[in-house]
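A.B. asks: Enclosed is the structure file query28.txt (compact mmCIF, C-alpha atoms).
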```txt
# COMPACT_ATOMS: atom_id res chain seq x y z
CA MET A 1 51.38 -13.65 -107.84
CA LYS A 2 48.25 -15.08 -109.49
CA LYS A 3 47.32 -16.80 -106.22
CA LYS A 4 47.45 -13.44 -104.39
CA ILE A 5 45.22 -11.79 -107.00
CA VAL A 6 42.72 -14.65 -106.82
CA LEU A 7 42.73 -14.49 -103.01
CA ILE A 8 42.13 -10.73 -103.06
CA LEU A 9 39.26 -11.16 -105.53
CA PHE A 10 37.64 -13.81 -103.31
CA LEU A 11 37.95 -11.53 -100.28
CA VAL A 12 36.43 -8.58 -102.13
CA VAL A 13 33.58 -10.66 -103.58
CA GLY A 14 32.97 -12.23 -100.16
CA ALA A 15 32.87 -8.84 -98.45
CA ILE A 16 30.42 -7.51 -101.03
CA GLY A 17 28.26 -10.61 -100.65
CA TYR A 18 28.07 -10.24 -96.88
CA SER A 19 27.56 -6.48 -96.77
CA GLN A 20 23.91 -5.57 -96.37
CA ALA A 21 22.09 -2.69 -97.89
CA LEU A 22 19.70 -1.12 -95.43
CA ASP A 23 16.09 -2.21 -95.89
CA CYS A 24 14.21 0.86 -94.70
CA ALA A 25 10.87 -0.14 -96.24
CA LYS A 26 9.59 -1.35 -92.87
CA LEU A 27 10.08 2.17 -91.43
CA LYS A 28 7.54 3.84 -93.71
CA ASN A 29 4.50 2.82 -91.64
CA ILE A 30 5.47 2.33 -88.01
CA LYS A 31 4.99 3.26 -84.41
CA ALA A 32 8.38 3.79 -82.78
CA TYR A 33 9.84 4.83 -79.45
CA ASN A 34 13.20 5.83 -78.04
CA PRO A 35 14.28 3.20 -75.46
CA ASP A 36 15.60 6.03 -73.23
CA TYR A 37 12.16 7.73 -73.29
CA PRO A 38 9.63 4.94 -73.91
CA LYS A 39 6.57 7.17 -73.29
CA LYS A 40 7.59 9.42 -76.21
CA THR A 41 6.53 7.80 -79.46
CA PHE A 42 5.98 8.72 -83.06
CA VAL A 43 3.83 7.18 -85.75
CA ILE A 44 4.59 7.36 -89.47
CA LYS A 45 1.65 6.60 -91.77
CA GLY A 46 2.30 7.36 -95.42
CA ASN A 47 3.12 11.03 -95.71
CA THR A 48 2.32 12.03 -92.13
CA GLN A 49 4.07 11.64 -88.80
CA GLU A 50 2.60 12.31 -85.38
CA SER A 51 4.62 12.75 -82.19
CA TYR A 52 3.14 11.69 -78.84
CA ASP A 53 4.13 12.03 -75.20
CA ASN A 54 2.41 9.54 -72.90
CA GLY A 55 -0.25 8.99 -75.56
CA VAL A 56 -1.04 12.71 -76.00
CA LEU A 57 -0.52 14.20 -79.47
CA GLN A 58 2.26 16.81 -79.36
CA MET A 59 2.97 17.61 -83.03
CA SER A 60 2.01 16.64 -86.56
CA TRP A 61 4.46 16.55 -89.44
CA SER A 62 4.36 16.08 -93.19
CA VAL A 63 6.78 13.40 -94.40
CA LYS A 64 8.70 13.50 -97.68
CA TRP A 65 10.85 10.46 -98.48
CA VAL A 66 14.02 11.57 -100.30
CA THR A 67 15.48 8.06 -100.69
CA ASP A 68 14.58 4.68 -99.19
CA CYS A 69 16.52 5.57 -96.01
CA GLN A 70 16.30 9.38 -95.95
CA TYR A 71 13.27 11.51 -95.30
CA GLU A 72 12.32 15.00 -94.21
CA VAL A 73 9.57 15.98 -91.84
CA THR A 74 8.08 19.47 -91.69
CA CYS A 75 6.07 20.54 -88.66
CA THR A 76 2.48 21.24 -89.70
CA LYS A 77 0.82 21.50 -86.28
CA LYS A 78 1.89 21.69 -82.66
CA SER A 79 -0.32 21.20 -79.64
CA VAL A 80 2.21 22.11 -76.94
CA GLU A 81 4.75 24.81 -76.22
CA SER A 82 8.02 23.84 -77.90
CA GLN A 83 11.15 25.29 -79.48
CA ILE A 84 9.98 23.74 -82.74
CA GLU A 85 7.66 25.95 -84.74
CA VAL A 86 5.23 25.18 -87.55
CA GLY A 87 7.30 25.13 -90.74
CA ASP A 88 10.50 23.90 -89.08
CA ARG A 89 12.05 20.92 -90.84
CA ILE A 90 14.09 17.89 -89.77
CA ALA A 91 16.15 15.86 -92.24
CA VAL A 92 16.44 12.24 -91.08
CA ASP A 93 19.06 9.73 -92.25
CA VAL A 94 18.71 6.10 -91.19
CA MET A 95 22.27 5.04 -90.35
CA SER A 96 21.72 1.41 -89.32
CA ILE A 97 19.04 -1.17 -88.57
CA ASP A 98 19.42 -3.92 -85.98
CA GLY A 99 16.32 -6.10 -85.75
CA ASP A 100 13.41 -3.88 -84.70
CA CYS A 101 15.67 -0.97 -83.73
CA PHE A 102 17.23 1.64 -85.97
CA THR A 103 19.71 4.47 -85.53
CA ILE A 104 19.14 7.82 -87.16
CA LYS A 105 20.97 11.09 -87.58
CA ARG A 106 18.78 14.22 -87.58
CA THR A 107 19.51 17.69 -88.88
CA PHE A 108 17.19 20.42 -87.60
CA HIS A 109 16.43 23.34 -89.92
CA CYS A 110 14.58 26.41 -88.68
CA LYS A 111 14.34 30.13 -89.32
CA ASN A 112 17.31 30.88 -87.02
CA ILE A 113 19.45 27.95 -88.28
CA PRO A 114 18.71 27.63 -92.01
CA ASP A 115 21.87 25.55 -92.66
CA GLY A 116 20.84 23.07 -89.99
CA ASP A 117 22.04 21.78 -86.64
CA VAL A 118 23.05 18.11 -86.53
CA ASP A 119 21.73 16.14 -83.57
CA PRO A 120 23.79 13.21 -82.22
CA GLU A 121 22.65 9.83 -83.47
CA SER A 122 19.56 8.46 -81.75
CA THR A 123 18.17 4.95 -81.58
CA PHE A 124 14.49 4.12 -81.90
CA CYS A 125 12.66 0.79 -81.84
CA ILE A 126 9.49 -0.32 -83.54
CA ALA A 127 6.67 -0.72 -81.02
CA LYS A 128 4.80 -4.01 -81.16
```
Please express the file's structure as structure tokens.
C.D. replies:
Amino acid sequence: MKKKIVLILFLVVGAIGYSQALDCAKLKNIKAYNPDYPKKTFVIKGNTQESYDNGVLQMSWSVKWVTDCQYEVTCTKKSVESQIEVGDRIAVDVMSIDGDCFTIKRTFHCKNIPDGDVDPESTFCIAK
């Protein structure tokens, strides 16, 4: 019986030792793109985010980090016609990081959907 308890403890300690906490610090100042749409990029610098399409600025956002791996962006300016309006907000949760790519879950909040609409997970990669 003692051997089983010791074995279980080793397995639990080993699993905890090998599990990784997400290190989202590198995402706070980046240029990133979606591999499915490489010409659409965004840049996060401090408390601002800018969205680009083929190098042309589309929208500007204010960024508020909630935790190390969760942040909210609020649209502050838009340069193109879009369903997103100034004042609309997106809550972003970083779900996983794999090298220079990361997967996020976004929840869109707007005047018509105050409780939010969850977007399927999306993957982005840091541009070099």
A.B. asks: Residues within 7 Å of stretch 71-75 of chain A, please, as a count of residues only. Count all atoms listed in the file; anything in the same chain fewer than 4 positions from it doesn't count.
C.D. replies: 17
A.B. asks: Hey, can you pull every residue with an atom no more than 7 Å from (3.5, 5.3, -83.4), using only C-alpha atoms, and send it as an MDAnalysis selection string?
C.D. replies: chainID A and resid 30:32 41:44
A.B. asks: Next, write the just-selected residues to a file, as a compact mmCIF listing (two decimals), in the frame of the given file, keeping C-alpha atoms as the atom set.
C.D. replies:
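Below you can see result_30.txt, which holds the result:
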```
# COMPACT_ATOMS: atom_id res chain seq x y z
CA ILE A 30 5.47 2.33 -88.01
CA LYS A 31 4.99 3.26 -84.41
CA ALA A 32 8.38 3.79 -82.78
CA THR A 41 6.53 7.80 -79.46
CA PHE A 42 5.98 8.72 -83.06
CA VAL A 43 3.83 7.18 -85.75
CA ILE A 44 4.59 7.36 -89.47
```
A.B. asks: Mind giving me the straight-line distance from atom CA of A:Val118 to atom CA of A:Asp53 in Å, one decimal?
C.D. replies: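 Atom CA of A:Asp53 lies 22.9 Å from atom CA of A:Val118.
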A.B. asks: Enter the distance from atom CA of A:Asn29 to atom CA of A:Val94, in Å, rounded to one decimal.
C.D. replies: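 Distance reported for this atom pair: 14.6 Å.
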A.B. asks: Select, counting only C-alpha atoms, all protein, DNA and RNA residues no farther than 8 Å from (-1.1, 18.6, -80.7) in file coordinates, and express the selection as a PyMOL selection string.
C.D. replies: chain A and resi 56-60+77-80
A.B. asks: How about saving the chosen residues, C-alpha atoms kept, as an mmCIF file, in the coordinates of the input?
C.D. replies:
```
data_model
loop_
_atom_site.group_PDB
_atom_site.id
_atom_site.type_symbol
_atom_site.label_atom_id
_atom_site.label_comp_id
_atom_site.auth_asym_id
_atom_site.auth_seq_id
_atom_site.Cartn_x
_atom_site.Cartn_y
_atom_site.Cartn_z
ATOM 1 C CA VAL A 56 -1.040 12.710 -76.000
ATOM 2 C CA LEU A 57 -0.520 14.200 -79.470
ATOM 3 C CA GLN A 58 2.260 16.810 -79.360
ATOM 4 C CA MET A 59 2.970 17.610 -83.030
ATOM 5 C CA SER A 60 2.010 16.640 -86.560
ATOM 6 C CA LYS A 77 0.820 21.500 -86.280
ATOM 7 C CA LYS A 78 1.890 21.690 -82.660
ATOM 8 C CA SER A 79 -0.320 21.200 -79.640
ATOM 9 C CA VAL A 80 2.210 22.110 -76.940
#
```
A.B. asks: Work out how far apart atom CA of A:Ile84 and atom CA of A:Asp100 are and give it in Å to one decimal.
C.D. replies: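 Computing it gives 27.9 Å between the two atoms.
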A.B. asks: Please rebuild stretch 35-59 of chain A with N, CA, C and O atoms and give the result as a CSV table (one decimal), in the frame of the given file.
C.D. replies:
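Ended up saving to selection-v6.csv:
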```csv
chain,number,residue,atom,x,y,z
A,35,PRO,N,14.2,4.0,-76.7
A,35,PRO,CA,14.3,3.2,-75.5
A,35,PRO,C,14.6,4.0,-74.2
A,35,PRO,O,14.3,3.6,-73.1
A,36,ASP,N,15.3,5.2,-74.4
A,36,ASP,CA,15.6,6.0,-73.2
A,36,ASP,C,14.4,6.8,-72.7
A,36,ASP,O,14.3,7.3,-71.6
A,37,TYR,N,13.4,7.0,-73.6
A,37,TYR,CA,12.2,7.7,-73.3
A,37,TYR,C,11.0,7.0,-73.9
A,37,TYR,O,10.3,7.4,-74.8
A,38,PRO,N,10.6,5.8,-73.3
A,38,PRO,CA,9.6,4.9,-73.9
A,38,PRO,C,8.2,5.5,-74.0
A,38,PRO,O,7.4,5.1,-74.8
A,39,LYS,N,7.9,6.6,-73.2
A,39,LYS,CA,6.6,7.2,-73.3
A,39,LYS,C,6.5,8.2,-74.4
A,39,LYS,O,5.4,8.6,-74.7
A,40,LYS,N,7.6,8.5,-75.0
A,40,LYS,CA,7.6,9.4,-76.2
A,40,LYS,C,7.7,8.5,-77.5
A,40,LYS,O,8.6,7.8,-77.7
A,41,THR,N,6.6,8.6,-78.3
A,41,THR,CA,6.5,7.8,-79.5
A,41,THR,C,6.2,8.7,-80.7
A,41,THR,O,5.9,9.8,-80.5
A,42,PHE,N,6.4,8.1,-81.8
A,42,PHE,CA,6.0,8.7,-83.1
A,42,PHE,C,5.4,7.7,-84.0
A,42,PHE,O,5.8,6.5,-83.9
A,43,VAL,N,4.5,8.1,-84.8
A,43,VAL,CA,3.8,7.2,-85.8
A,43,VAL,C,4.0,7.8,-87.1
A,43,VAL,O,3.7,9.0,-87.4
A,44,ILE,N,4.5,7.0,-88.1
A,44,ILE,CA,4.6,7.4,-89.5
A,44,ILE,C,3.6,6.5,-90.2
A,44,ILE,O,3.6,5.3,-90.1
A,45,LYS,N,2.7,7.2,-90.9
A,45,LYS,CA,1.6,6.6,-91.8
A,45,LYS,C,1.7,7.4,-93.1
A,45,LYS,O,1.2,8.5,-93.2
A,46,GLY,N,2.2,6.7,-94.1
A,46,GLY,CA,2.3,7.4,-95.4
A,46,GLY,C,3.1,8.6,-95.4
A,46,GLY,O,4.3,8.7,-95.0
A,47,ASN,N,2.4,9.8,-95.7
A,47,ASN,CA,3.1,11.0,-95.7
A,47,ASN,C,2.9,11.9,-94.5
A,47,ASN,O,3.0,13.1,-94.6
A,48,THR,N,2.5,11.3,-93.4
A,48,THR,CA,2.3,12.0,-92.1
A,48,THR,C,3.1,11.3,-91.0
A,48,THR,O,3.2,10.1,-91.0
A,49,GLN,N,3.5,12.1,-90.0
A,49,GLN,CA,4.1,11.6,-88.8
A,49,GLN,C,3.4,12.4,-87.6
A,49,GLN,O,3.2,13.6,-87.7
A,50,GLU,N,3.1,11.7,-86.6
A,50,GLU,CA,2.6,12.3,-85.4
A,50,GLU,C,3.5,12.0,-84.2
A,50,GLU,O,3.9,10.8,-84.1
A,51,SER,N,3.8,12.9,-83.4
A,51,SER,CA,4.6,12.8,-82.2
A,51,SER,C,3.7,12.8,-81.0
A,51,SER,O,2.9,13.7,-80.8
A,52,TYR,N,3.9,11.8,-80.0
A,52,TYR,CA,3.1,11.7,-78.8
A,52,TYR,C,4.0,11.7,-77.6
A,52,TYR,O,5.2,11.2,-77.6
A,53,ASP,N,3.5,12.2,-76.5
A,53,ASP,CA,4.1,12.0,-75.2
A,53,ASP,C,3.1,11.4,-74.3
A,53,ASP,O,2.0,12.1,-74.0
A,54,ASN,N,3.3,10.2,-73.8
A,54,ASN,CA,2.4,9.5,-72.9
A,54,ASN,C,1.0,9.4,-73.5
A,54,ASN,O,0.0,9.6,-72.9
A,55,GLY,N,1.0,9.2,-74.9
A,55,GLY,CA,-0.2,9.0,-75.6
A,55,GLY,C,-1.0,10.3,-76.0
A,55,GLY,O,-2.0,10.2,-76.7
A,56,VAL,N,-0.4,11.4,-75.6
A,56,VAL,CA,-1.0,12.7,-76.0
A,56,VAL,C,-0.3,13.3,-77.2
A,56,VAL,O,0.9,13.5,-77.2
A,57,LEU,N,-1.1,13.6,-78.2
A,57,LEU,CA,-0.5,14.2,-79.5
A,57,LEU,C,0.2,15.5,-79.2
A,57,LEU,O,-0.4,16.4,-78.6
A,58,GLN,N,1.5,15.6,-79.6
A,58,GLN,CA,2.3,16.8,-79.4
A,58,GLN,C,2.4,17.6,-80.6
A,58,GLN,O,2.3,18.8,-80.6
A,59,MET,N,2.7,16.9,-81.8
A,59,MET,CA,3.0,17.6,-83.0
A,59,MET,C,2.6,16.7,-84.2
A,59,MET,O,2.6,15.5,-84.1
```
